[in-house]
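Colleague: For reference, this is coords.txt, and it has compact mmCIF, C-alpha atoms and all ligand atoms.
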# COMPACT_ATOMS: atom_id res chain seq x y z
CA MET A 1 130.66 64.07 161.79
CA ILE A 2 130.52 67.88 161.71
CA ILE A 3 129.80 68.50 158.04
CA ASP A 4 127.04 67.07 155.87
CA PRO A 5 128.09 63.50 154.92
CA LYS A 6 127.27 64.24 151.25
CA ILE A 7 129.62 67.24 151.29
CA GLU A 8 132.33 65.18 153.00
CA LYS A 9 131.93 62.44 150.37
CA TYR A 10 132.11 65.01 147.57
CA ALA A 11 135.27 66.51 149.11
CA GLU A 12 136.80 63.02 149.23
CA GLU A 13 135.87 62.33 145.60
CA PHE A 14 137.53 65.54 144.48
CA SER A 15 140.72 65.03 146.50
CA SER A 16 143.60 62.78 145.48
CA PRO A 17 143.02 59.14 146.39
CA GLN A 18 144.96 57.46 149.17
CA SER A 19 147.75 55.07 148.17
CA VAL A 20 147.17 51.31 147.84
CA VAL A 21 149.09 50.76 151.13
CA LEU A 22 146.98 53.33 153.00
CA ALA A 23 143.77 51.77 151.61
CA GLU A 24 144.98 48.37 152.83
CA LEU A 25 145.82 49.82 156.28
CA TYR A 26 142.38 51.44 156.44
CA ARG A 27 140.72 48.09 155.63
CA GLU A 28 142.81 46.07 158.09
CA THR A 29 142.27 48.62 160.87
CA ASN A 30 138.51 48.48 160.29
CA LEU A 31 138.49 44.68 160.29
CA LYS A 32 140.79 43.96 163.22
CA ILE A 33 141.35 46.95 165.50
CA MET A 34 139.14 48.56 168.14
CA ASN A 35 137.80 52.07 167.44
CA PRO A 36 138.73 52.32 163.74
CA ARG A 37 137.06 55.75 163.58
CA MET A 38 140.19 57.10 165.26
CA LEU A 39 142.15 56.72 162.01
CA SER A 40 142.52 59.98 160.06
CA GLY A 41 141.13 58.62 156.76
CA GLN A 42 141.52 59.71 153.16
CA LEU A 43 140.49 63.40 153.29
CA GLN A 44 142.38 64.34 156.44
CA GLY A 45 145.25 62.08 155.41
CA ARG A 46 145.63 63.89 152.08
CA PHE A 47 145.50 67.21 153.97
CA LEU A 48 148.31 66.10 156.32
CA SER A 49 150.32 64.91 153.33
CA MET A 50 149.78 68.27 151.59
CA ILE A 51 150.95 70.20 154.68
CA SER A 52 154.01 67.97 154.88
CA HIS A 53 154.84 68.50 151.20
CA MET A 54 154.40 72.27 151.63
CA MET A 55 156.75 72.37 154.61
CA GLN A 56 159.26 69.69 153.60
CA PRO A 57 160.05 69.11 157.28
CA LYS A 58 163.23 67.53 158.59
CA ASN A 59 161.72 66.49 161.91
CA ILE A 60 158.09 65.68 162.70
CA LEU A 61 156.58 64.68 166.06
CA GLU A 62 153.29 62.81 166.20
CA ILE A 63 151.46 62.18 169.49
CA GLY A 64 149.07 59.24 168.96
CA THR A 65 150.28 56.75 166.33
CA TYR A 66 147.31 54.32 166.49
CA THR A 67 147.84 52.03 163.45
CA GLY A 68 150.19 54.42 161.64
CA TYR A 69 147.89 55.93 159.02
CA SER A 70 148.59 59.61 159.77
CA ALA A 71 152.31 58.93 160.35
CA ILE A 72 152.56 57.53 156.81
CA CYS A 73 150.69 60.56 155.41
CA LEU A 74 152.86 63.02 157.35
CA SER A 75 156.05 61.28 156.25
CA GLU A 76 155.26 61.87 152.56
CA GLY A 77 156.85 65.34 152.49
CA LEU A 78 159.85 64.60 154.73
CA GLN A 79 163.29 65.70 153.55
CA ALA A 80 165.50 62.83 152.34
CA ASN A 81 167.27 62.54 155.70
CA GLY A 82 164.23 63.53 157.76
CA ALA A 83 162.44 61.57 160.50
CA ILE A 84 159.01 61.25 162.02
CA HIS A 85 158.97 60.54 165.77
CA THR A 86 155.63 58.99 166.72
CA ILE A 87 154.36 58.05 170.20
CA GLU A 88 151.71 55.44 171.07
CA ILE A 89 150.70 54.18 174.52
CA ASP A 90 149.04 50.94 173.33
CA ILE A 91 151.77 48.34 172.75
CA GLU A 92 149.23 46.03 171.03
CA LEU A 93 149.26 48.39 168.05
CA LYS A 94 153.00 47.95 167.55
CA SER A 95 152.89 45.05 165.08
CA ILE A 96 150.30 46.54 162.71
CA ALA A 97 151.96 49.98 162.71
CA LYS A 98 155.39 48.43 162.11
CA LYS A 99 154.04 46.22 159.30
CA TYR A 100 152.57 49.22 157.47
CA PHE A 101 155.63 51.41 158.01
CA GLN A 102 157.54 48.67 156.17
CA LYS A 103 154.92 48.31 153.44
CA ALA A 104 155.01 52.10 152.94
CA GLY A 105 158.82 51.93 152.75
CA ILE A 106 159.31 54.44 155.57
CA GLU A 107 160.66 52.14 158.31
CA ASN A 108 164.04 53.90 158.23
CA SER A 109 162.54 57.35 158.72
CA VAL A 110 160.13 56.45 161.55
CA VAL A 111 161.23 56.62 165.17
CA PRO A 112 158.44 54.84 167.07
CA TYR A 113 158.01 55.13 170.86
CA PHE A 114 155.66 53.00 172.94
CA GLY A 115 154.57 54.47 176.26
CA ASP A 116 152.91 57.51 177.77
CA ALA A 117 153.57 60.60 175.65
CA MET A 118 153.57 62.75 178.81
CA LYS A 119 156.68 60.88 179.95
CA ILE A 120 158.31 60.36 176.56
CA ILE A 121 158.13 63.88 175.10
CA PRO A 122 160.46 65.45 177.71
CA GLN A 123 163.09 62.81 176.80
CA ILE A 124 163.15 63.65 173.07
CA ASP A 125 165.88 66.18 172.38
CA VAL A 126 164.92 67.28 168.86
CA VAL A 127 163.74 70.60 167.39
CA PHE A 128 160.61 69.92 165.36
CA ASP A 129 159.36 71.60 162.18
CA LEU A 130 155.92 70.02 162.46
CA VAL A 131 153.96 68.47 165.35
CA PHE A 132 150.68 66.55 165.06
CA ILE A 133 148.72 66.16 168.32
CA ASP A 134 146.13 63.36 168.11
CA ALA A 135 146.06 61.43 171.42
CA ASP A 136 143.97 61.62 174.63
CA LYS A 137 142.00 64.88 174.60
CA GLU A 138 142.26 65.43 178.36
CA ASN A 139 145.99 66.01 177.97
CA TYR A 140 145.89 68.40 174.99
CA PRO A 141 146.86 71.47 177.08
CA ASN A 142 149.66 69.45 178.72
CA TYR A 143 150.97 68.26 175.33
CA TYR A 144 150.93 71.83 174.08
CA HIS A 145 153.00 73.03 177.05
CA LEU A 146 155.45 70.14 176.54
CA ILE A 147 156.00 70.69 172.82
CA ILE A 148 155.82 74.45 172.29
CA ASN A 149 159.49 75.00 173.14
CA LYS A 150 160.52 72.06 170.94
CA VAL A 151 158.98 73.63 167.82
CA ARG A 152 161.21 75.93 165.79
CA LYS A 153 160.15 79.49 165.00
CA GLY A 154 158.08 79.29 161.81
CA GLY A 155 157.24 75.65 162.56
CA TYR A 156 153.68 74.31 162.58
CA ILE A 157 151.49 72.40 165.02
CA VAL A 158 148.40 70.55 163.76
CA VAL A 159 145.86 69.40 166.33
CA ASP A 160 143.02 66.98 165.62
CA ASN A 161 139.47 66.79 167.03
CA VAL A 162 139.26 70.40 168.21
CA LEU A 163 135.51 70.48 167.45
CA TRP A 164 134.99 67.14 169.26
CA SER A 165 131.81 66.13 167.41
CA GLY A 166 130.37 69.60 167.99
CA LYS A 167 130.51 69.33 171.78
CA VAL A 168 132.53 72.57 171.91
CA VAL A 169 129.35 74.55 171.19
CA GLN A 170 127.27 72.73 173.81
CA PRO A 171 127.29 73.20 177.59
CA LEU A 172 130.09 71.19 179.21
CA LYS A 173 128.77 68.17 181.10
CA SER A 174 130.31 67.56 184.51
CA GLY A 175 132.87 64.75 184.44
CA ASP A 176 133.46 65.03 180.67
CA LYS A 177 137.25 65.34 180.85
CA ASP A 178 137.80 64.95 177.10
CA THR A 179 135.58 67.88 176.16
CA ALA A 180 137.05 69.90 179.04
CA GLY A 181 140.52 69.21 177.60
CA ILE A 182 139.49 70.43 174.15
CA PHE A 183 137.82 73.56 175.60
CA ALA A 184 140.95 74.33 177.63
CA PHE A 185 143.27 73.71 174.68
CA ASN A 186 141.31 75.93 172.26
CA ALA A 187 141.17 78.74 174.84
CA LEU A 188 144.87 78.36 175.64
CA VAL A 189 146.11 78.72 172.08
CA GLN A 190 143.64 81.49 171.24
CA GLN A 191 145.32 83.77 173.81
CA ASP A 192 148.92 82.55 173.32
CA GLU A 193 150.95 85.25 171.61
CA ARG A 194 153.66 82.77 170.60
CA VAL A 195 151.41 81.35 167.87
CA GLU A 196 148.97 82.26 165.11
CA ASN A 197 146.10 79.84 164.76
CA VAL A 198 143.23 78.92 162.48
CA LEU A 199 140.53 76.38 163.31
CA LEU A 200 139.47 74.45 160.21
CA PRO A 201 136.12 72.62 160.31
CA LEU A 202 137.65 69.67 158.44
CA ARG A 203 136.36 66.30 159.65
CA ASP A 204 136.28 66.63 163.49
CA GLY A 205 138.08 70.00 163.47
CA LEU A 206 141.77 70.67 162.87
CA MET A 207 143.62 73.51 164.59
CA LEU A 208 146.61 74.78 162.61
CA LEU A 209 149.18 76.78 164.53
CA ARG A 210 152.26 78.60 163.35
CA LYS A 211 154.92 79.47 165.87
CA ILE A 212 155.91 83.13 165.44
C1 LIG B 301 142.91 59.18 167.49
S1 LIG B 301 144.09 57.92 167.72
C2 LIG B 301 145.42 58.39 166.66
C3 LIG B 301 145.07 58.22 165.21
C4 LIG B 301 146.22 58.40 164.28
N1 LIG B 301 146.93 59.65 164.54
C5 LIG B 301 145.70 58.40 162.86
O1 LIG B 301 145.23 59.44 162.40
O2 LIG B 301 145.72 57.34 162.22
C6 LIG B 301 144.73 58.31 169.32
C7 LIG B 301 145.83 57.39 169.80
O3 LIG B 301 146.46 57.99 170.93
C8 LIG B 301 146.85 56.96 171.80
N2 LIG B 301 147.07 57.55 173.15
C9 LIG B 301 146.14 57.86 174.08
N3 LIG B 301 146.73 58.34 175.19
C10 LIG B 301 148.06 58.35 174.95
C11 LIG B 301 149.20 58.74 175.72
N4 LIG B 301 149.08 59.21 176.96
N5 LIG B 301 150.42 58.59 175.17
C12 LIG B 301 150.56 58.11 173.89
N6 LIG B 301 149.52 57.73 173.12
C13 LIG B 301 148.28 57.85 173.64
C14 LIG B 301 145.69 55.98 171.75
O4 LIG B 301 146.08 54.70 172.23
C15 LIG B 301 145.33 56.02 170.26
O5 LIG B 301 145.97 54.99 169.55
Would you give me this structure, written as structure tokens?
Modeller:
Amino acid sequence: MIIDPKIEKYAEEFSSPQSVVLAELYRETNLKIMNPRMLSGQLQGRFLSMISHMMQPKNILEIGTYTGYSAICLSEGLQANGAIHTIEIDIELKSIAKKYFQKAGIENSVVPYFGDAMKIIPQIDVVFDLVFIDADKENYPNYYHLIINKVRKGGYIVVDNVLWSGKVVQPLKSGDKDTAGIFAFNALVQQDERVENVLLPLRDGLMLLRKI
């Protein structure tokens, strides 16, 4: 956690609550699934929903579905005929994600993929309005290179964990590929003239990018 837990709790209390379905998904993920801290949670989830409502995207790409929490939040602002494409490498998460896409009533607007995002992204022939990157940190620069030409001008990219529990302001330990990936990603986008970016210290750090 980057910010004071009391401040984070206050921010949650004064943000809209998550839906009943999202609360149920949060509970089930915590009870049954490994690494439940990976799930976006109420505050970040409401932020993703707000971004989606602001943009009213037709096509969203998510890299890192996990149990489907952020996909449901991102889908909330989709246009009536819009779709969210979401990629997950762990096939064991398929049944819980599918169950909650149905409970949230979005099964017809979700296009789920199971496999390695590095291999799947090049096969998706869609122009995206919004991309959410939230998978293995080592590959963040690679994901960025793969998606940047699939995002329309004026489209947005949201990237999670860019503060990586504060490790970005500590010396890089040898062999720490995740932190190295985050360092490389943050440096890459900071000097990329195709985008404008702002790093928000929300939760574990969210980078917002607008393609110009
Ligand atoms: C932080 S979790 C995603 C959390 C989810 N976006 C949410 O907020 O509820 C990261 C997910 O990325 C998946 N992942 C890791 N490497 C991947 C890869 N190469 N391709 C696709 N998914 C991957 C992991 O299995 C994990 O479920």
Colleague: Leaving out A:Met54 and any residue of its chain fewer than 3 positions from it, which residues lie within 12 Å of it when counting all atoms listed in the file, given as a list in words?
Modeller: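 The contact residues come out as Phe47, Leu48, Ser49, Met50, Ile51, Pro57, Leu74, Glu76, Gly77, Leu78, Gln79, Asp129, Leu130, Gly155 and Tyr156 of chain A.
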Colleague: Once you count all atoms listed in the file, what closest atom pair and distance in Å to one decimal does each residue of chain A within 7 Å of ligand LIG 301 (chain B) have, with rows by chain and rising residue number, as a Markdown table?
Modeller:
| residue | atom | partner | partner_atom | distance |
| --- | --- | --- | --- | --- |
| A:Met38 | CA | B:LIG301 | C1 | 4.1 |
| A:Leu39 | CA | B:LIG301 | O2 | 3.6 |
| A:Ser40 | CA | B:LIG301 | O1 | 3.6 |
| A:Ile63 | CA | B:LIG301 | C12 | 6.1 |
| A:Gly64 | CA | B:LIG301 | O3 | 3.5 |
| A:Thr65 | CA | B:LIG301 | N1 | 4.8 |
| A:Tyr66 | CA | B:LIG301 | O5 | 3.4 |
| A:Thr67 | CA | B:LIG301 | O2 | 5.8 |
| A:Gly68 | CA | B:LIG301 | O2 | 5.4 |
| A:Tyr69 | CA | B:LIG301 | O2 | 4.1 |
| A:Ser70 | CA | B:LIG301 | O1 | 4.3 |
| A:Ala71 | CA | B:LIG301 | N1 | 6.9 |
| A:Ile87 | CA | B:LIG301 | C12 | 5.3 |
| A:Glu88 | CA | B:LIG301 | N6 | 3.8 |
| A:Ile89 | CA | B:LIG301 | C12 | 4.0 |
| A:Asp90 | CA | B:LIG301 | O4 | 4.9 |
| A:Gly115 | CA | B:LIG301 | C12 | 5.9 |
| A:Asp116 | CA | B:LIG301 | N5 | 3.8 |
| A:Ala117 | CA | B:LIG301 | N5 | 3.8 |
| A:Met118 | CA | B:LIG301 | N4 | 6.0 |
| A:Asp134 | CA | B:LIG301 | N1 | 5.2 |
| A:Ala135 | CA | B:LIG301 | O3 | 3.5 |
| A:Asp136 | CA | B:LIG301 | N3 | 4.3 |
Colleague: Per residue of stretch 98-192 of chain A within 7 Å of stretch 11-32 of chain A, which atom pair is closest and at what distance in Å (one decimal), using only C-alpha atoms, listed by chain and increasing number, as a Markdown table?
Modeller:
| residue | atom | partner | partner_atom | distance |
| --- | --- | --- | --- | --- |
| A:Tyr100 | CA | A:Leu25 | CA | 6.9 |
| A:Lys103 | CA | A:Val21 | CA | 6.7 |
| A:Ala104 | CA | A:Val21 | CA | 6.3 |
Colleague: By how many Å are atom CA of A:Ile106 and atom CA of A:Met34 apart?
Modeller: 24.5 Å
Colleague: Report as a ChimeraX atom specification all protein, DNA and RNA residues lying within 10 Å of A:Asn186, evaluated on all atoms listed in the file, omitting residues in the same chain fewer than 6 positions from it.
Modeller: /A:140-141,159,162-163,168,197,199,207
Colleague: Only C-alpha atoms, please: the residues just picked out, written as a short mmCIF file (atom, residue, chain, number, x, y, z; two decimals), in the frame of the given file.
Modeller:
data_model
loop_
_atom_site.label_atom_id
_atom_site.label_comp_id
_atom_site.auth_asym_id
_atom_site.auth_seq_id
_atom_site.Cartn_x
_atom_site.Cartn_y
_atom_site.Cartn_z
CA TYR A 140 145.89 68.40 174.99
CA PRO A 141 146.86 71.47 177.08
CA VAL A 159 145.86 69.40 166.33
CA VAL A 162 139.26 70.40 168.21
CA LEU A 163 135.51 70.48 167.45
CA VAL A 168 132.53 72.57 171.91
CA ASN A 197 146.10 79.84 164.76
CA LEU A 199 140.53 76.38 163.31
CA MET A 207 143.62 73.51 164.59
#
Colleague: Pick out the closest residue to A:Phe132 from this set: A:Ile157, A:Ala83, A:Ile91, A:Ile96. Count only C-alpha atoms.
Modeller: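 Checking each candidate against A:Phe132, we get A:Ile157 as the closest.
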Colleague: Rank nothing, just name the residue among A:Gly205, A:Pro112, A:Gly82, A:Gly41 nearest to A:Val158, using all atoms listed in the file.
Modeller: A:Gly205
Colleague: At what distance in Å, to one decimal, does atom CA of A:Val195 lie from atom CA of A:Phe114?
Modeller: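 Going from atom CA of A:Phe114 over to atom CA of A:Val195 covers 29.1 Å.
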Colleague: For the atom pair atom CA of A:Glu193 and atom CA of A:Ile212, what is the interatomic distance in Å to one decimal place?
Modeller: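 Between atom CA of A:Glu193 and atom CA of A:Ile212 the gap works out to 8.2 Å.
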Colleague: Given all atoms listed in the file as the basis, pick out the residue of A:His85, A:Lys94, A:Lys211, A:Lys6 nearest to A:Val151.
Modeller: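 Result for the nearest residue to A:Val151: A:Lys211.
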Colleague: Can you rebuild stretch 119-149 of chain A with N, CA and C atoms and give it as a compact mmCIF listing (two decimals), in the frame of the given file?
Modeller:
# COMPACT_ATOMS: atom_id res chain seq x y z
N LYS A 119 155.35 61.21 179.41
CA LYS A 119 156.68 60.88 179.95
C LYS A 119 157.74 60.88 178.86
N ILE A 120 157.33 60.52 177.64
CA ILE A 120 158.31 60.36 176.56
C ILE A 120 158.74 61.70 175.95
N ILE A 121 157.80 62.61 175.77
CA ILE A 121 158.13 63.88 175.10
C ILE A 121 159.32 64.60 175.77
N PRO A 122 159.33 64.72 177.10
CA PRO A 122 160.46 65.45 177.71
C PRO A 122 161.82 64.79 177.43
N GLN A 123 161.81 63.50 177.06
CA GLN A 123 163.09 62.81 176.80
C GLN A 123 163.58 62.95 175.36
N ILE A 124 162.75 63.53 174.48
CA ILE A 124 163.15 63.65 173.07
C ILE A 124 163.83 65.01 172.88
N ASP A 125 165.10 64.94 172.52
CA ASP A 125 165.88 66.18 172.38
C ASP A 125 166.03 66.53 170.89
N VAL A 126 164.94 66.97 170.30
CA VAL A 126 164.92 67.28 168.86
C VAL A 126 164.13 68.59 168.70
N VAL A 127 164.55 69.42 167.73
CA VAL A 127 163.74 70.60 167.39
C VAL A 127 162.84 70.20 166.22
N PHE A 128 161.54 70.40 166.37
CA PHE A 128 160.61 69.92 165.36
C PHE A 128 160.12 71.05 164.44
N ASP A 129 159.94 70.68 163.17
CA ASP A 129 159.36 71.60 162.18
C ASP A 129 157.84 71.49 162.19
N LEU A 130 157.35 70.30 162.55
CA LEU A 130 155.92 70.02 162.46
C LEU A 130 155.55 69.04 163.58
N VAL A 131 154.46 69.36 164.29
CA VAL A 131 153.96 68.47 165.35
C VAL A 131 152.49 68.19 165.07
N PHE A 132 152.10 66.93 165.20
CA PHE A 132 150.68 66.55 165.06
C PHE A 132 150.22 65.97 166.39
N ILE A 133 149.25 66.62 167.02
CA ILE A 133 148.72 66.16 168.32
C ILE A 133 147.39 65.45 168.05
N ASP A 134 147.33 64.14 168.40
CA ASP A 134 146.13 63.36 168.11
C ASP A 134 146.02 62.19 169.10
N ALA A 135 146.17 62.51 170.41
CA ALA A 135 146.06 61.43 171.42
C ALA A 135 144.92 61.77 172.38
N ASP A 136 145.04 61.39 173.65
CA ASP A 136 143.97 61.62 174.63
C ASP A 136 143.68 63.12 174.79
N LYS A 137 142.40 63.46 174.67
CA LYS A 137 142.00 64.88 174.60
C LYS A 137 142.23 65.60 175.93
N GLU A 138 142.08 64.85 177.02
CA GLU A 138 142.26 65.43 178.36
C GLU A 138 143.63 66.10 178.50
N ASN A 139 144.62 65.52 177.83
CA ASN A 139 145.99 66.01 177.97
C ASN A 139 146.41 67.03 176.92
N TYR A 140 145.49 67.46 176.06
CA TYR A 140 145.89 68.40 174.99
C TYR A 140 146.63 69.64 175.53
N PRO A 141 146.10 70.30 176.58
CA PRO A 141 146.86 71.47 177.08
C PRO A 141 148.25 71.07 177.57
N ASN A 142 148.34 69.90 178.22
CA ASN A 142 149.66 69.45 178.72
C ASN A 142 150.61 69.17 177.56
N TYR A 143 150.12 68.53 176.49
CA TYR A 143 150.97 68.26 175.33
C TYR A 143 151.46 69.58 174.72
N TYR A 144 150.55 70.54 174.66
CA TYR A 144 150.93 71.83 174.08
C TYR A 144 152.08 72.46 174.88
N HIS A 145 151.93 72.46 176.21
CA HIS A 145 153.00 73.03 177.05
C HIS A 145 154.32 72.27 176.86
N LEU A 146 154.23 70.95 176.68
CA LEU A 146 155.45 70.14 176.54
C LEU A 146 156.14 70.35 175.20
N ILE A 147 155.36 70.64 174.15
CA ILE A 147 156.00 70.69 172.82
C ILE A 147 156.34 72.10 172.34
N ILE A 148 155.71 73.11 172.90
CA ILE A 148 155.82 74.45 172.29
C ILE A 148 157.28 74.93 172.21
N ASN A 149 158.08 74.57 173.20
CA ASN A 149 159.49 75.00 173.14
C ASN A 149 160.36 74.05 172.32
